[in-house]
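Have a look at query-v9.pdb; it's PDB, C-alpha atoms and all ligand atoms:
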ATOM      1  CA  MET F   1      34.153 -51.213  46.661
ATOM      2  CA  ASP F   2      31.925 -50.188  43.764
ATOM      3  CA  ALA F   3      32.285 -52.037  40.484
ATOM      4  CA  ASP F   4      33.605 -48.973  38.658
ATOM      5  CA  LYS F   5      36.228 -48.298  41.337
ATOM      6  CA  LYS F   6      37.252 -51.920  41.368
ATOM      7  CA  ARG F   7      37.822 -51.933  37.658
ATOM      8  CA  LEU F   8      39.712 -48.628  37.729
ATOM      9  CA  GLN F   9      41.884 -49.969  40.525
ATOM     10  CA  LYS F  10      42.632 -53.037  38.430
ATOM     11  CA  GLU F  11      43.458 -50.985  35.362
ATOM     12  CA  LEU F  12      45.707 -48.712  37.363
ATOM     13  CA  MET F  13      47.608 -51.647  38.813
ATOM     14  CA  THR F  14      48.098 -53.254  35.400
ATOM     15  CA  LEU F  15      49.241 -49.975  33.852
ATOM     16  CA  GLN F  16      51.710 -49.341  36.641
ATOM     17  CA  LEU F  17      53.070 -52.894  36.534
ATOM     18  CA  ASN F  18      53.229 -53.298  32.750
ATOM     19  CA  PRO F  19      53.037 -49.890  31.099
ATOM     20  CA  PRO F  20      53.043 -49.926  27.274
ATOM     21  CA  VAL F  21      56.000 -48.198  25.608
ATOM     22  CA  GLY F  22      55.777 -44.417  25.904
ATOM     23  CA  ILE F  23      52.861 -44.389  28.360
ATOM     24  CA  LYS F  24      53.045 -43.637  32.051
ATOM     25  CA  VAL F  25      50.269 -43.141  34.567
ATOM     26  CA  ASN F  26      50.894 -40.661  37.305
ATOM     27  CA  GLY F  27      50.844 -42.341  40.678
ATOM     28  CA  ASP F  28      48.830 -39.866  42.676
ATOM     29  CA  HIS F  29      45.107 -40.077  41.975
ATOM     30  CA  GLY F  30      43.687 -39.604  45.430
ATOM     31  CA  SER F  31      41.179 -42.084  46.737
ATOM     32  CA  SER F  32      38.418 -41.289  44.263
ATOM     33  CA  LEU F  33      40.251 -42.606  41.184
ATOM     34  CA  THR F  34      37.959 -40.464  39.039
ATOM     35  CA  THR F  35      40.696 -38.249  37.540
ATOM     36  CA  TRP F  36      43.867 -39.593  35.990
ATOM     37  CA  TYR F  37      46.801 -37.901  34.328
ATOM     38  CA  VAL F  38      48.641 -39.998  31.772
ATOM     39  CA  GLU F  39      52.002 -39.046  30.314
ATOM     40  CA  MET F  40      52.461 -39.917  26.672
ATOM     41  CA  GLU F  41      55.462 -39.813  24.367
ATOM     42  CA  GLY F  42      55.324 -39.460  20.610
ATOM     43  CA  ALA F  43      56.393 -42.757  19.015
ATOM     44  CA  THR F  44      59.825 -42.973  17.446
ATOM     45  CA  GLY F  45      59.900 -42.576  13.684
ATOM     46  CA  THR F  46      56.783 -40.378  13.643
ATOM     47  CA  LEU F  47      56.202 -36.616  13.387
ATOM     48  CA  TYR F  48      55.811 -36.500  17.177
ATOM     49  CA  GLU F  49      59.018 -38.297  18.099
ATOM     50  CA  GLY F  50      60.592 -36.799  21.194
ATOM     51  CA  GLU F  51      57.483 -34.798  22.134
ATOM     52  CA  LYS F  52      55.767 -35.297  25.459
ATOM     53  CA  PHE F  53      52.060 -34.908  26.010
ATOM     54  CA  GLN F  54      49.711 -35.197  28.920
ATOM     55  CA  LEU F  55      46.222 -36.694  28.797
ATOM     56  CA  LEU F  56      43.505 -36.052  31.329
ATOM     57  CA  PHE F  57      41.003 -38.845  31.942
ATOM     58  CA  LYS F  58      37.781 -38.259  33.866
ATOM     59  CA  PHE F  59      35.566 -41.165  34.822
ATOM     60  CA  THR F  60      31.959 -41.142  35.917
ATOM     61  CA  ASN F  61      30.563 -43.783  38.243
ATOM     62  CA  ARG F  62      28.984 -45.351  35.148
ATOM     63  CA  TYR F  63      32.418 -46.328  33.863
ATOM     64  CA  PRO F  64      33.079 -48.631  31.972
ATOM     65  CA  PHE F  65      29.583 -48.403  30.496
ATOM     66  CA  ASP F  66      30.110 -44.696  29.984
ATOM     67  CA  SER F  67      33.199 -43.662  28.082
ATOM     68  CA  PRO F  68      35.791 -41.636  29.957
ATOM     69  CA  GLU F  69      36.228 -37.967  29.120
ATOM     70  CA  VAL F  70      39.682 -37.701  27.549
ATOM     71  CA  VAL F  71      41.493 -34.489  26.579
ATOM     72  CA  PHE F  72      45.039 -33.383  26.040
ATOM     73  CA  THR F  73      46.101 -31.015  28.777
ATOM     74  CA  GLY F  74      49.218 -29.170  29.896
ATOM     75  CA  THR F  75      51.549 -27.009  27.860
ATOM     76  CA  ASN F  76      52.039 -29.173  24.787
ATOM     77  CA  ILE F  77      48.901 -30.015  22.814
ATOM     78  CA  PRO F  78      49.851 -32.072  19.755
ATOM     79  CA  VAL F  79      49.268 -30.316  16.449
ATOM     80  CA  HIS F  80      47.129 -32.836  14.619
ATOM     81  CA  PRO F  81      44.092 -32.656  12.274
ATOM     82  CA  HIS F  82      41.964 -34.394  14.950
ATOM     83  CA  VAL F  83      43.218 -32.543  17.990
ATOM     84  CA  TYR F  84      41.821 -29.096  18.728
ATOM     85  CA  SER F  85      44.045 -26.517  20.340
ATOM     86  CA  ASN F  86      41.988 -26.740  23.549
ATOM     87  CA  GLY F  87      42.949 -30.410  23.859
ATOM     88  CA  HIS F  88      39.707 -31.936  22.602
ATOM     89  CA  ILE F  89      40.208 -35.062  20.507
ATOM     90  CA  CYS F  90      38.002 -36.159  17.645
ATOM     91  CA  LEU F  91      38.163 -39.933  18.081
ATOM     92  CA  SER F  92      35.090 -42.098  17.705
ATOM     93  CA  ILE F  93      35.965 -44.614  20.440
ATOM     94  CA  LEU F  94      35.671 -41.769  22.943
ATOM     95  CA  THR F  95      31.976 -41.351  22.211
ATOM     96  CA  GLU F  96      29.774 -43.421  19.943
ATOM     97  CA  ASP F  97      32.197 -46.278  19.332
ATOM     98  CA  TRP F  98      33.064 -46.673  22.993
ATOM     99  CA  SER F  99      32.812 -50.182  24.384
ATOM    100  CA  PRO F 100      33.212 -51.359  27.994
ATOM    101  CA  ALA F 101      35.856 -53.786  26.782
ATOM    102  CA  LEU F 102      38.079 -50.801  26.013
ATOM    103  CA  SER F 103      40.328 -49.430  28.726
ATOM    104  CA  VAL F 104      42.610 -46.539  29.591
ATOM    105  CA  GLU F 105      45.399 -48.497  28.003
ATOM    106  CA  SER F 106      43.553 -49.157  24.754
ATOM    107  CA  VAL F 107      42.454 -45.505  24.558
ATOM    108  CA  CYS F 108      46.055 -44.389  25.033
ATOM    109  CA  LEU F 109      47.267 -46.805  22.378
ATOM    110  CA  SER F 110      44.588 -45.574  19.962
ATOM    111  CA  ILE F 111      45.684 -41.999  20.513
ATOM    112  CA  VAL F 112      49.358 -42.892  20.026
ATOM    113  CA  SER F 113      48.480 -44.647  16.797
ATOM    114  CA  MET F 114      46.312 -41.731  15.693
ATOM    115  CA  LEU F 115      49.290 -39.427  16.168
ATOM    116  CA  SER F 116      51.676 -41.884  14.544
ATOM    117  CA  SER F 117      49.722 -42.140  11.310
ATOM    118  CA  CYS F 118      49.690 -38.366  10.830
ATOM    119  CA  LYS F 119      51.349 -37.116   7.636
ATOM    120  CA  GLU F 120      51.205 -33.396   8.212
ATOM    121  CA  LYS F 121      51.069 -31.454  11.454
ATOM    122  CA  LYS F 122      48.129 -29.116  11.275
ATOM    123  CA  ARG F 123      45.085 -28.158  13.308
ATOM    124  CA  PRO F 124      41.573 -29.219  12.307
ATOM    125  CA  PRO F 125      40.135 -26.822   9.686
ATOM    126  CA  ASP F 126      37.368 -25.663  12.068
ATOM    127  CA  ASN F 127      39.693 -25.247  15.034
ATOM    128  CA  THR F 128      39.138 -21.537  15.693
ATOM    129  CA  PHE F 129      35.373 -21.796  15.497
ATOM    130  CA  TYR F 130      35.162 -24.972  17.535
ATOM    131  CA  VAL F 131      37.406 -23.779  20.345
ATOM    132  CA  LYS F 132      35.293 -20.612  20.687
ATOM    133  CA  THR F 133      31.941 -22.374  20.735
ATOM    134  CA  CYS F 134      32.439 -25.820  22.212
ATOM    135  CA  SER F 135      31.388 -27.111  25.596
ATOM    136  CA  LYS F 136      34.070 -27.777  28.151
ATOM    137  CA  ASN F 137      33.246 -31.447  27.988
ATOM    138  CA  PRO F 138      34.197 -32.950  24.611
ATOM    139  CA  LYS F 139      31.620 -35.686  25.168
ATOM    140  CA  LYS F 140      28.924 -33.054  24.679
ATOM    141  CA  THR F 141      30.205 -32.329  21.182
ATOM    142  CA  ARG F 142      28.314 -33.938  18.341
ATOM    143  CA  TRP F 143      31.393 -35.217  16.549
ATOM    144  CA  TRP F 144      31.220 -35.939  12.909
ATOM    145  CA  TYR F 145      33.661 -38.748  12.248
ATOM    146  CA  HIS F 146      34.034 -38.359   8.537
ATOM    147  CA  ASP F 147      37.764 -38.490   8.018
ATOM    148  CA  ASP F 148      39.244 -41.920   8.554
ATOM    149  CA  LYS F 149      42.400 -41.259   6.605
ATOM    150  CA  VAL F 150      44.408 -39.606   9.357
TER     151      VAL F 150
ATOM    152  CA  MET K   1      76.823 -72.308  51.885
ATOM    153  CA  ALA K   2      77.209 -68.631  51.369
ATOM    154  CA  SER K   3      76.375 -68.926  47.694
ATOM    155  CA  THR K   4      73.215 -70.903  48.445
ATOM    156  CA  SER K   5      71.840 -68.289  50.763
ATOM    157  CA  GLU K   6      72.645 -65.649  48.179
ATOM    158  CA  SER K   7      70.622 -67.310  45.454
ATOM    159  CA  GLU K   8      67.749 -67.845  47.858
ATOM    160  CA  GLY K   9      67.859 -64.182  48.676
ATOM    161  CA  GLN K  10      67.507 -63.405  44.985
ATOM    162  CA  LYS K  11      64.520 -65.695  44.604
ATOM    163  CA  GLU K  12      62.713 -64.014  47.415
ATOM    164  CA  GLY K  13      63.081 -60.655  45.721
ATOM    165  CA  ASP K  14      59.660 -59.253  44.952
ATOM    166  CA  ASP K  15      59.418 -59.285  41.210
ATOM    167  CA  PRO K  16      55.990 -57.793  40.508
ATOM    168  CA  GLU K  17      55.679 -59.652  37.226
ATOM    169  CA  ASP K  18      56.281 -63.019  38.830
ATOM    170  CA  ALA K  19      53.751 -62.256  41.537
ATOM    171  CA  ASN K  20      51.358 -61.329  38.783
ATOM    172  CA  LYS K  21      51.753 -64.605  36.936
ATOM    173  CA  SER K  22      51.562 -66.887  39.953
ATOM    174  CA  ASN K  23      48.196 -65.479  40.960
ATOM    175  CA  PRO K  24      45.551 -67.482  39.111
ATOM    176  CA  SER K  25      42.964 -64.724  39.320
ATOM    177  CA  GLN K  26      45.292 -62.558  37.226
ATOM    178  CA  ASP K  27      45.246 -65.073  34.435
ATOM    179  CA  GLY K  28      42.812 -63.444  32.029
ATOM    180  CA  THR K  29      41.328 -66.562  30.460
ATOM    181  CA  PHE K  30      38.116 -66.499  32.464
ATOM    182  CA  GLU K  31      37.931 -62.802  33.132
ATOM    183  CA  CYS K  32      34.822 -60.890  32.234
ATOM    184  CA  ASN K  33      35.567 -58.540  29.352
ATOM    185  CA  ILE K  34      33.734 -55.729  31.135
ATOM    186  CA  CYS K  35      34.632 -55.749  34.828
ATOM    187  CA  LEU K  36      37.979 -57.515  34.215
ATOM    188  CA  ASP K  37      37.272 -59.777  37.178
ATOM    189  CA  THR K  38      36.740 -63.525  37.092
ATOM    190  CA  ALA K  39      33.370 -63.862  35.402
ATOM    191  CA  HIS K  40      30.503 -64.695  37.761
ATOM    192  CA  ASP K  41      27.118 -65.886  36.477
ATOM    193  CA  ALA K  42      29.098 -66.265  33.300
ATOM    194  CA  VAL K  43      27.590 -66.084  29.853
ATOM    195  CA  VAL K  44      29.300 -66.405  26.509
ATOM    196  CA  SER K  45      28.204 -64.684  23.307
ATOM    197  CA  MET K  46      27.863 -66.426  19.960
ATOM    198  CA  CYS K  47      31.140 -64.771  18.976
ATOM    199  CA  GLY K  48      32.761 -66.508  21.934
ATOM    200  CA  HIS K  49      33.322 -63.629  24.311
ATOM    201  CA  LEU K  50      32.926 -64.126  28.034
ATOM    202  CA  PHE K  51      31.076 -61.799  30.390
ATOM    203  CA  CYS K  52      29.356 -61.758  33.745
ATOM    204  CA  TRP K  53      25.675 -61.746  33.012
ATOM    205  CA  PRO K  54      25.067 -58.615  35.145
ATOM    206  CA  CYS K  55      27.855 -56.786  33.299
ATOM    207  CA  LEU K  56      26.621 -57.732  29.845
ATOM    208  CA  HIS K  57      23.032 -57.011  30.812
ATOM    209  CA  GLN K  58      23.966 -53.527  31.894
ATOM    210  CA  TRP K  59      25.773 -52.920  28.626
ATOM    211  CA  LEU K  60      22.791 -54.139  26.592
ATOM    212  CA  GLU K  61      20.571 -51.781  28.600
ATOM    213  CA  THR K  62      22.980 -48.913  27.960
ATOM    214  CA  ARG K  63      22.519 -49.163  24.206
ATOM    215  CA  PRO K  64      19.242 -50.971  23.619
ATOM    216  CA  ASN K  65      19.105 -49.947  19.974
ATOM    217  CA  ARG K  66      22.613 -50.957  19.073
ATOM    218  CA  GLN K  67      23.446 -54.143  20.884
ATOM    219  CA  THR K  68      26.957 -55.190  19.938
ATOM    220  CA  CYS K  69      29.618 -57.343  21.527
ATOM    221  CA  PRO K  70      31.924 -55.042  23.538
ATOM    222  CA  VAL K  71      34.942 -56.940  22.270
ATOM    223  CA  CYS K  72      34.359 -57.607  18.576
ATOM    224  CA  LYS K  73      31.254 -55.499  17.763
ATOM    225  CA  ALA K  74      29.345 -58.521  16.493
ATOM    226  CA  GLY K  75      25.598 -58.340  16.873
ATOM    227  CA  ILE K  76      24.532 -59.683  20.237
ATOM    228  CA  SER K  77      21.256 -60.143  22.112
ATOM    229  CA  LYS K  78      19.923 -61.482  25.362
ATOM    230  CA  GLU K  79      18.417 -64.473  23.569
ATOM    231  CA  LYS K  80      21.675 -65.406  21.907
ATOM    232  CA  VAL K  81      24.033 -65.734  24.826
ATOM    233  CA  VAL K  82      24.790 -69.071  26.442
ATOM    234  CA  PRO K  83      25.181 -69.381  30.207
ATOM    235  CA  LEU K  84      28.178 -71.332  31.423
ATOM    236  CA  TYR K  85      27.692 -73.732  34.289
ATOM    237  CA  GLY K  86      30.937 -74.735  35.939
ATOM    238  CA  ARG K  87      31.123 -77.497  38.479
ATOM    239  CA  GLY K  88      31.145 -75.062  41.370
ATOM    240  CA  ASN K  89      27.875 -73.581  40.191
ATOM    241  CA  ALA K  90      25.730 -76.508  41.298
ATOM    242  CA  LYS K  91      25.614 -75.547  44.938
ATOM    243  CA  GLN K  92      25.115 -71.862  44.384
ATOM    244  CA  GLU K  93      21.722 -70.288  44.301
ATOM    245  CA  ASP K  94      19.856 -70.398  41.048
ATOM    246  CA  PRO K  95      21.134 -67.390  39.073
ATOM    247  CA  ARG K  96      17.719 -66.994  37.477
ATOM    248  CA  THR K  97      16.320 -65.826  40.786
ATOM    249  CA  LYS K  98      18.777 -62.957  40.730
ATOM    250  CA  VAL K  99      18.121 -59.637  39.086
ATOM    251  CA  PRO K 100      18.733 -59.322  36.241
ATOM    252  CA  PRO K 101      17.938 -62.919  35.414
ATOM    253  CA  ARG K 102      20.481 -64.789  33.383
ATOM    254  CA  PRO K 103      19.023 -66.295  30.214
ATOM    255  CA  GLN K 104      18.479 -70.022  30.428
ATOM    256  CA  GLY K 105      20.476 -72.586  28.540
ATOM    257  CA  GLN K 106      18.751 -74.055  25.550
ATOM    258  CA  ARG K 107      18.797 -77.794  25.731
ATOM    259  CA  THR K 108      18.601 -79.381  22.324
ATOM    260  CA  GLU K 109      17.473 -83.010  22.424
ATOM    261  CA  PRO K 110      19.820 -85.456  20.734
ATOM    262  CA  GLU K 111      18.669 -86.988  17.449
ATOM    263  CA  ASN K 112      16.625 -90.156  17.700
ATOM    264  CA  ASN K 113      18.972 -92.948  16.740
ATOM    265  CA  GLY K 114      17.084 -95.902  18.176
ATOM    266  CA  PRO K 115      13.842 -96.917  19.877
ATOM    267  CA  PHE K 116      15.247 -96.296  23.346
ATOM    268  CA  GLN K 117      16.368 -92.751  22.687
ATOM    269  CA  SER K 118      13.093 -91.250  23.783
ATOM    270  CA  PHE K 119      13.619 -92.673  27.222
ATOM    271  CA  ASN K 120      16.134 -90.574  29.097
ATOM    272  CA  TRP K 121      17.125 -88.985  32.335
ATOM    273  CA  GLY K 122      16.887 -85.234  32.391
ATOM    274  CA  GLY K 123      20.123 -83.462  33.205
ATOM    275  CA  ASP K 124      18.640 -81.742  36.236
ATOM    276  CA  GLY K 125      17.642 -84.988  37.925
ATOM    277  CA  GLY K 126      14.074 -84.860  36.656
ATOM    278  CA  PHE K 127      12.680 -88.000  35.080
ATOM    279  CA  GLN K 128      11.452 -87.675  31.539
ATOM    280  CA  MET K 129       9.579 -90.365  29.666
ATOM    281  CA  SER K 130       7.647 -90.373  26.472
ATOM    282  CA  PHE K 131       6.001 -93.138  24.475
ATOM    283  CA  GLY K 132       3.706 -93.472  21.513
ATOM    284  CA  ILE K 133       0.134 -92.572  22.420
ATOM    285  CA  GLY K 134      -1.165 -91.365  19.097
ATOM    286  CA  ALA K 135      -3.124 -94.158  17.502
ATOM    287  CA  PHE K 136      -4.522 -96.280  20.289
ATOM    288  CA  PRO K 137      -7.344 -94.340  21.983
ATOM    289  CA  PHE K 138      -8.503 -92.725  18.792
ATOM    290  CA  GLY K 139      -8.558 -96.047  16.980
ATOM    291  CA  LEU K 140     -10.683 -97.444  19.778
ATOM    292  CA  PHE K 141     -12.936 -94.441  19.712
ATOM    293  CA  ALA K 142     -13.378 -94.729  15.977
ATOM    294  CA  SER K 143     -14.313 -98.414  16.087
ATOM    295  CA  THR K 144     -16.840 -97.712  18.829
ATOM    296  CA  VAL K 145     -18.502 -94.926  16.935
ATOM    297  CA  ASN K 146     -18.656 -97.064  13.829
ATOM    298  CA  LEU K 147     -21.115 -99.317  15.621
ATOM    299  CA  GLY K 148     -23.859 -96.845  14.865
ATOM    300  CA  GLY K 149     -23.362 -97.097  11.103
ATOM    301  CA  PRO K 150     -24.553 -99.852   8.741
ATOM    302  CA  ARG K 151     -22.898-102.944   9.948
ATOM    303  CA  LEU K 152     -23.482-106.458   8.732
ATOM    304  CA  PRO K 153     -24.204-108.787  10.269
ATOM    305  CA  GLY K 154     -25.756-106.543  12.924
ATOM    306  CA  ALA K 155     -28.202-107.273  15.676
ATOM    307  CA  GLN K 156     -31.763-106.105  15.095
ATOM    308  CA  PRO K 157     -33.202-103.386  17.348
ATOM    309  CA  GLY K 158     -35.197-104.744  20.225
ATOM    310  CA  THR K 159     -33.311-108.020  20.614
ATOM    311  CA  PRO K 160     -31.221-108.709  23.752
ATOM    312  CA  GLN K 161     -28.197-108.897  21.496
ATOM    313  CA  PHE K 162     -28.895-105.338  20.338
ATOM    314  CA  GLU K 163     -29.207-104.162  23.939
ATOM    315  CA  GLU K 164     -25.926-105.808  24.754
ATOM    316  CA  GLU K 165     -24.189-104.269  21.780
ATOM    317  CA  GLN K 166     -25.548-100.830  22.637
ATOM    318  CA  PHE K 167     -24.322-101.250  26.191
ATOM    319  CA  LEU K 168     -20.882-102.353  25.051
ATOM    320  CA  SER K 169     -20.734 -99.522  22.572
ATOM    321  CA  LYS K 170     -21.543 -96.972  25.266
ATOM    322  CA  LEU K 171     -19.084 -98.613  27.622
ATOM    323  CA  PHE K 172     -16.328 -98.421  25.042
ATOM    324  CA  LEU K 173     -17.233 -94.829  24.318
ATOM    325  CA  TRP K 174     -16.958 -93.918  27.991
ATOM    326  CA  VAL K 175     -13.724 -95.808  28.385
ATOM    327  CA  ALA K 176     -12.351 -93.959  25.383
ATOM    328  CA  ILE K 177     -13.508 -90.593  26.746
ATOM    329  CA  LEU K 178     -12.085 -91.331  30.163
ATOM    330  CA  PHE K 179      -8.825 -92.426  28.576
ATOM    331  CA  ILE K 180      -8.558 -89.226  26.561
ATOM    332  CA  PHE K 181      -9.454 -87.215  29.653
ATOM    333  CA  TRP K 182      -6.719 -88.997  31.581
ATOM    334  CA  LEU K 183      -4.225 -88.255  28.848
ATOM    335  CA  LEU K 184      -5.123 -84.587  28.959
ATOM    336  CA  VAL K 185      -4.887 -84.342  32.729
ATOM    337  CA  ALA K 186      -1.824 -86.510  33.213
TER     338      ALA K 186
HETATM  339 ZN    ZN F 201      31.889 -58.756  34.752
HETATM  340 ZN    ZN F 202      32.436 -60.796  20.416
END

In structure tokens, what does this structure look like?
Amino acid sequence: MDADKKRLQKELMTLQLNPPVGIKVNGDHGSSLTTWYVEMEGATGTLYEGEKFQLLFKFTNRYPFDSPEVVFTGTNIPVHPHVYSNGHICLSILTEDWSPALSVESVCLSIVSMLSSCKEKKRPPDNTFYVKTCSKNPKKTRWWYHDDKV
Amino acid sequence: MASTSESEGQKEGDDPEDANKSNPSQDGTFECNICLDTAHDAVVSMCGHLFCWPCLHQWLETRPNRQTCPVCKAGISKEKVVPLYGRGNAKQEDPRTKVPPRPQGQRTEPENNGPFQSFNWGGDGGFQMSFGIGAFPFGLFASTVNLGGPRLPGAQPGTPQFEEEQFLSKLFLWVAILFIFWLLVA
């Protein structure tokens, strides 16, 4: 088994055995392991309490040296200043601050915490423009991580 | 009896968490922070994080201009990681022959506390010995050369004593040169 598959297999097993609160990996990933759907619940006591979201992870065979491609998908895209209405997420660990010591679990937890610290539900100011012009792959976007407050 | 068999039946129940804990390879202490497997050809960074050398090497190659520890983002470089040699490593092939080569351990000599400190057995079974060689041959050489200068009482040119002294002087010179040559070659 290739190193990337081995690691993904390991991560999948750990996530299925000990899932963090509010996070659930869907069981069926086929044999390739390159596409995962992760169910996520808004944390209690936050603006997203009771909401359910779905994340789509795509892995290349360079994982974990290459970051996974992570977007919100499905019918409910969280309304958040760093989440575009097409599901793209502006989060530095998904591109330039990625590290191979991160994992699906740590990415999920970062996203939960990003949602949890939100004070006001609104779309990013450039949402309309971005959604019209962006590439399908958020990793091709040159993100400008300037707002650390939210 | 019935109660005993019942409790045994409960113990045998497959609790995934218990199975997880009893498996030593699942214990993360010696897992590589990149492949999440037990680290092989292990190296540790100055910040104390453990990796397989091939894993870390690949990460350093991925971002050659911004080499940081995957775990704590501390600066990291090939020169500043320490290989770990466990007991089981001795019989395995030399990791340095593998690609990519693992950086070698840096062996710092202990401080000289006594006259016998310079005499030691190398850790790899090699025999190392050093002793003072500085002054002796050069002192000899110098005294031989000095024969040519004004020296009283000296033998007069032409006398057998002079011949003998010249001969001895040349002999000493050659011995000195040979000795230096031997030191260089040895
Ligand atoms: Zn590794
Ligand atoms: Zn570190």

Using all atoms listed in the file, find each residue of chain K with at least one atom at most 7 Å away from an atom of chain F; report its shortest atom-to-atom pair and that distance in Å (one decimal), sort the rows by chain and rising residue number, and return the result as a tab-separated table.
residue	atom	partner	partner_atom	distance
K:Pro16	CA	F:Leu17	CA	7.0
K:Asn33	CA	F:Ala101	CA	5.4
K:Ile34	CA	F:Ala101	CA	5.2
K:Cys35	CA	F:Arg7	CA	5.7
K:Leu36	CA	F:Arg7	CA	6.6
K:Trp59	CA	F:Phe65	CA	6.2
K:Pro70	CA	F:Ser99	CA	5.0
K:Val71	CA	F:Ala101	CA	5.6

request  = Report the residues retrieved by the PyMOL selection byres (((not hetatm)) within 10 of (chain F and resi 201)) from the displayed file, expressed as number ranges by chain.
outcome  = F: 3, 7; K: 31-43, 50-58

Residue selection dump (C-alpha atoms) as a tab-separated table (two decimals), keeping the file's coordinate frame:
chain	number	residue	atom	x	y	z
F	3	ALA	CA	32.28	-52.04	40.48
F	7	ARG	CA	37.82	-51.93	37.66
K	31	GLU	CA	37.93	-62.80	33.13
K	32	CYS	CA	34.82	-60.89	32.23
K	33	ASN	CA	35.57	-58.54	29.35
K	34	ILE	CA	33.73	-55.73	31.14
K	35	CYS	CA	34.63	-55.75	34.83
K	36	LEU	CA	37.98	-57.52	34.22
K	37	ASP	CA	37.27	-59.78	37.18
K	38	THR	CA	36.74	-63.52	37.09
K	39	ALA	CA	33.37	-63.86	35.40
K	40	HIS	CA	30.50	-64.69	37.76
K	41	ASP	CA	27.12	-65.89	36.48
K	42	ALA	CA	29.10	-66.26	33.30
K	43	VAL	CA	27.59	-66.08	29.85
K	50	LEU	CA	32.93	-64.13	28.03
K	51	PHE	CA	31.08	-61.80	30.39
K	52	CYS	CA	29.36	-61.76	33.74
K	53	TRP	CA	25.68	-61.75	33.01
K	54	PRO	CA	25.07	-58.62	35.15
K	55	CYS	CA	27.86	-56.79	33.30
K	56	LEU	CA	26.62	-57.73	29.84
K	57	HIS	CA	23.03	-57.01	30.81
K	58	GLN	CA	23.97	-53.53	31.89

task = Enumerate as JSON, numbers by chain the residues within 10 Å of ligand ZN 202 (chain F), counting all atoms listed in the file.
result = {"K": [33, 44, 45, 46, 47, 48, 49, 50, 68, 69, 70, 71, 72, 73, 74, 75, 76]}

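Coordinates place CA of Ser92 (chain F) at a distance of 7.9 Å from CA of Trp143 (chain F).
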
Picked residues, the PyMOL selection byres (((chain F and resi 130) around 12) and not hetatm), as JSON, numbers by chain = {"F": [82, 83, 84, 85, 86, 87, 88, 89, 90, 123, 124, 125, 126, 127, 128, 129, 131, 132, 133, 134, 135, 136, 138, 141, 142, 143]}

task = Identify which of the residues F:Phe72, F:Glu96, F:Gly22, F:Leu15 lies closest to Gly50 (chain F), counting all atoms listed in the file when measuring atom-to-atom distances.
result = F:Gly22

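Put simply, CA of Phe57 (chain F) is 26.5 Å away from CA of Lys119 (chain F).
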
Report, as AutoDock Vina command-line options, the axis-aligned box around all atoms of region 45-48 of chain K present in the file, extended by 3 Å on each side; give centre and edge lengths in Å to one decimal place.
--center_x 30.3 --center_y -65.6 --center_z 21.1 --size_x 10.9 --size_y 7.8 --size_z 10.3

request  = Show me as a ChimeraX atom specification the residues that reach within 7 Å of (50.6, -48.3, 22.6), counting only C-alpha atoms and using the file's own coordinates.
outcome  = /F:20-21,108-109,112

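Relative to CA of Lys5 (chain F), CA of Gln54 (chain F) is found at 22.5 Å.
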
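For the point (47.8, -31.2, 16.1) in file coordinates, the residues within 6 Å, using only C-alpha atoms, are Pro78, Val79, His80, Pro81, Val83, Lys121, Lys122 and Arg123 of chain F.
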
Tell me, as a compact mmCIF listing (two decimals) with C-alpha atoms, keeping the file's coordinate frame, which residues lie within 10 Å of Ser113 (chain F), counting all atoms listed in the file; anything in the same chain fewer than 4 positions away does not count.
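The result, stored in part.txt:
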# COMPACT_ATOMS: atom_id res chain seq x y z
CA GLY F 42 55.32 -39.46 20.61
CA ALA F 43 56.39 -42.76 19.02
CA THR F 46 56.78 -40.38 13.64
CA VAL F 107 42.45 -45.50 24.56
CA CYS F 108 46.06 -44.39 25.03
CA LEU F 109 47.27 -46.80 22.38
CA SER F 117 49.72 -42.14 11.31
CA CYS F 118 49.69 -38.37 10.83
CA VAL F 150 44.41 -39.61 9.36

request  = Find the residues around Pro19 (chain F) up to 12 Å (only C-alpha atoms counted), leave out those fewer than 4 positions away in its own chain, and share them as an NGL selection string.
outcome  = (:F and (11-15 or 23-26 or 38-40 or 104-106 or 108-109)) or (:K and (17))

query = Residues at most 9 Å from Asn76 (chain F), counting only C-alpha atoms, excluding those fewer than 6 positions away in the same chain, as JSON, numbers by chain?
reply = {"F": [51, 52, 53, 54]}

Residues picked by the PyMOL selection byres (((chain K and resi 83) around 7) and not hetatm) here, as a compact mmCIF listing (two decimals) with C-alpha atoms, in the frame of the given file?
# COMPACT_ATOMS: atom_id res chain seq x y z
CA ALA K 42 29.10 -66.26 33.30
CA VAL K 43 27.59 -66.08 29.85
CA VAL K 44 29.30 -66.40 26.51
CA VAL K 81 24.03 -65.73 24.83
CA VAL K 82 24.79 -69.07 26.44
CA LEU K 84 28.18 -71.33 31.42
CA TYR K 85 27.69 -73.73 34.29
CA PRO K 103 19.02 -66.30 30.21
CA GLN K 104 18.48 -70.02 30.43
CA GLY K 105 20.48 -72.59 28.54

inquiry  = Just checking: using all atoms listed in the file, which residue out of F:Thr44, F:Thr35, F:Gln16, F:Thr73 ends up closest to Ser116 (chain F)?
reply    = F:Thr44
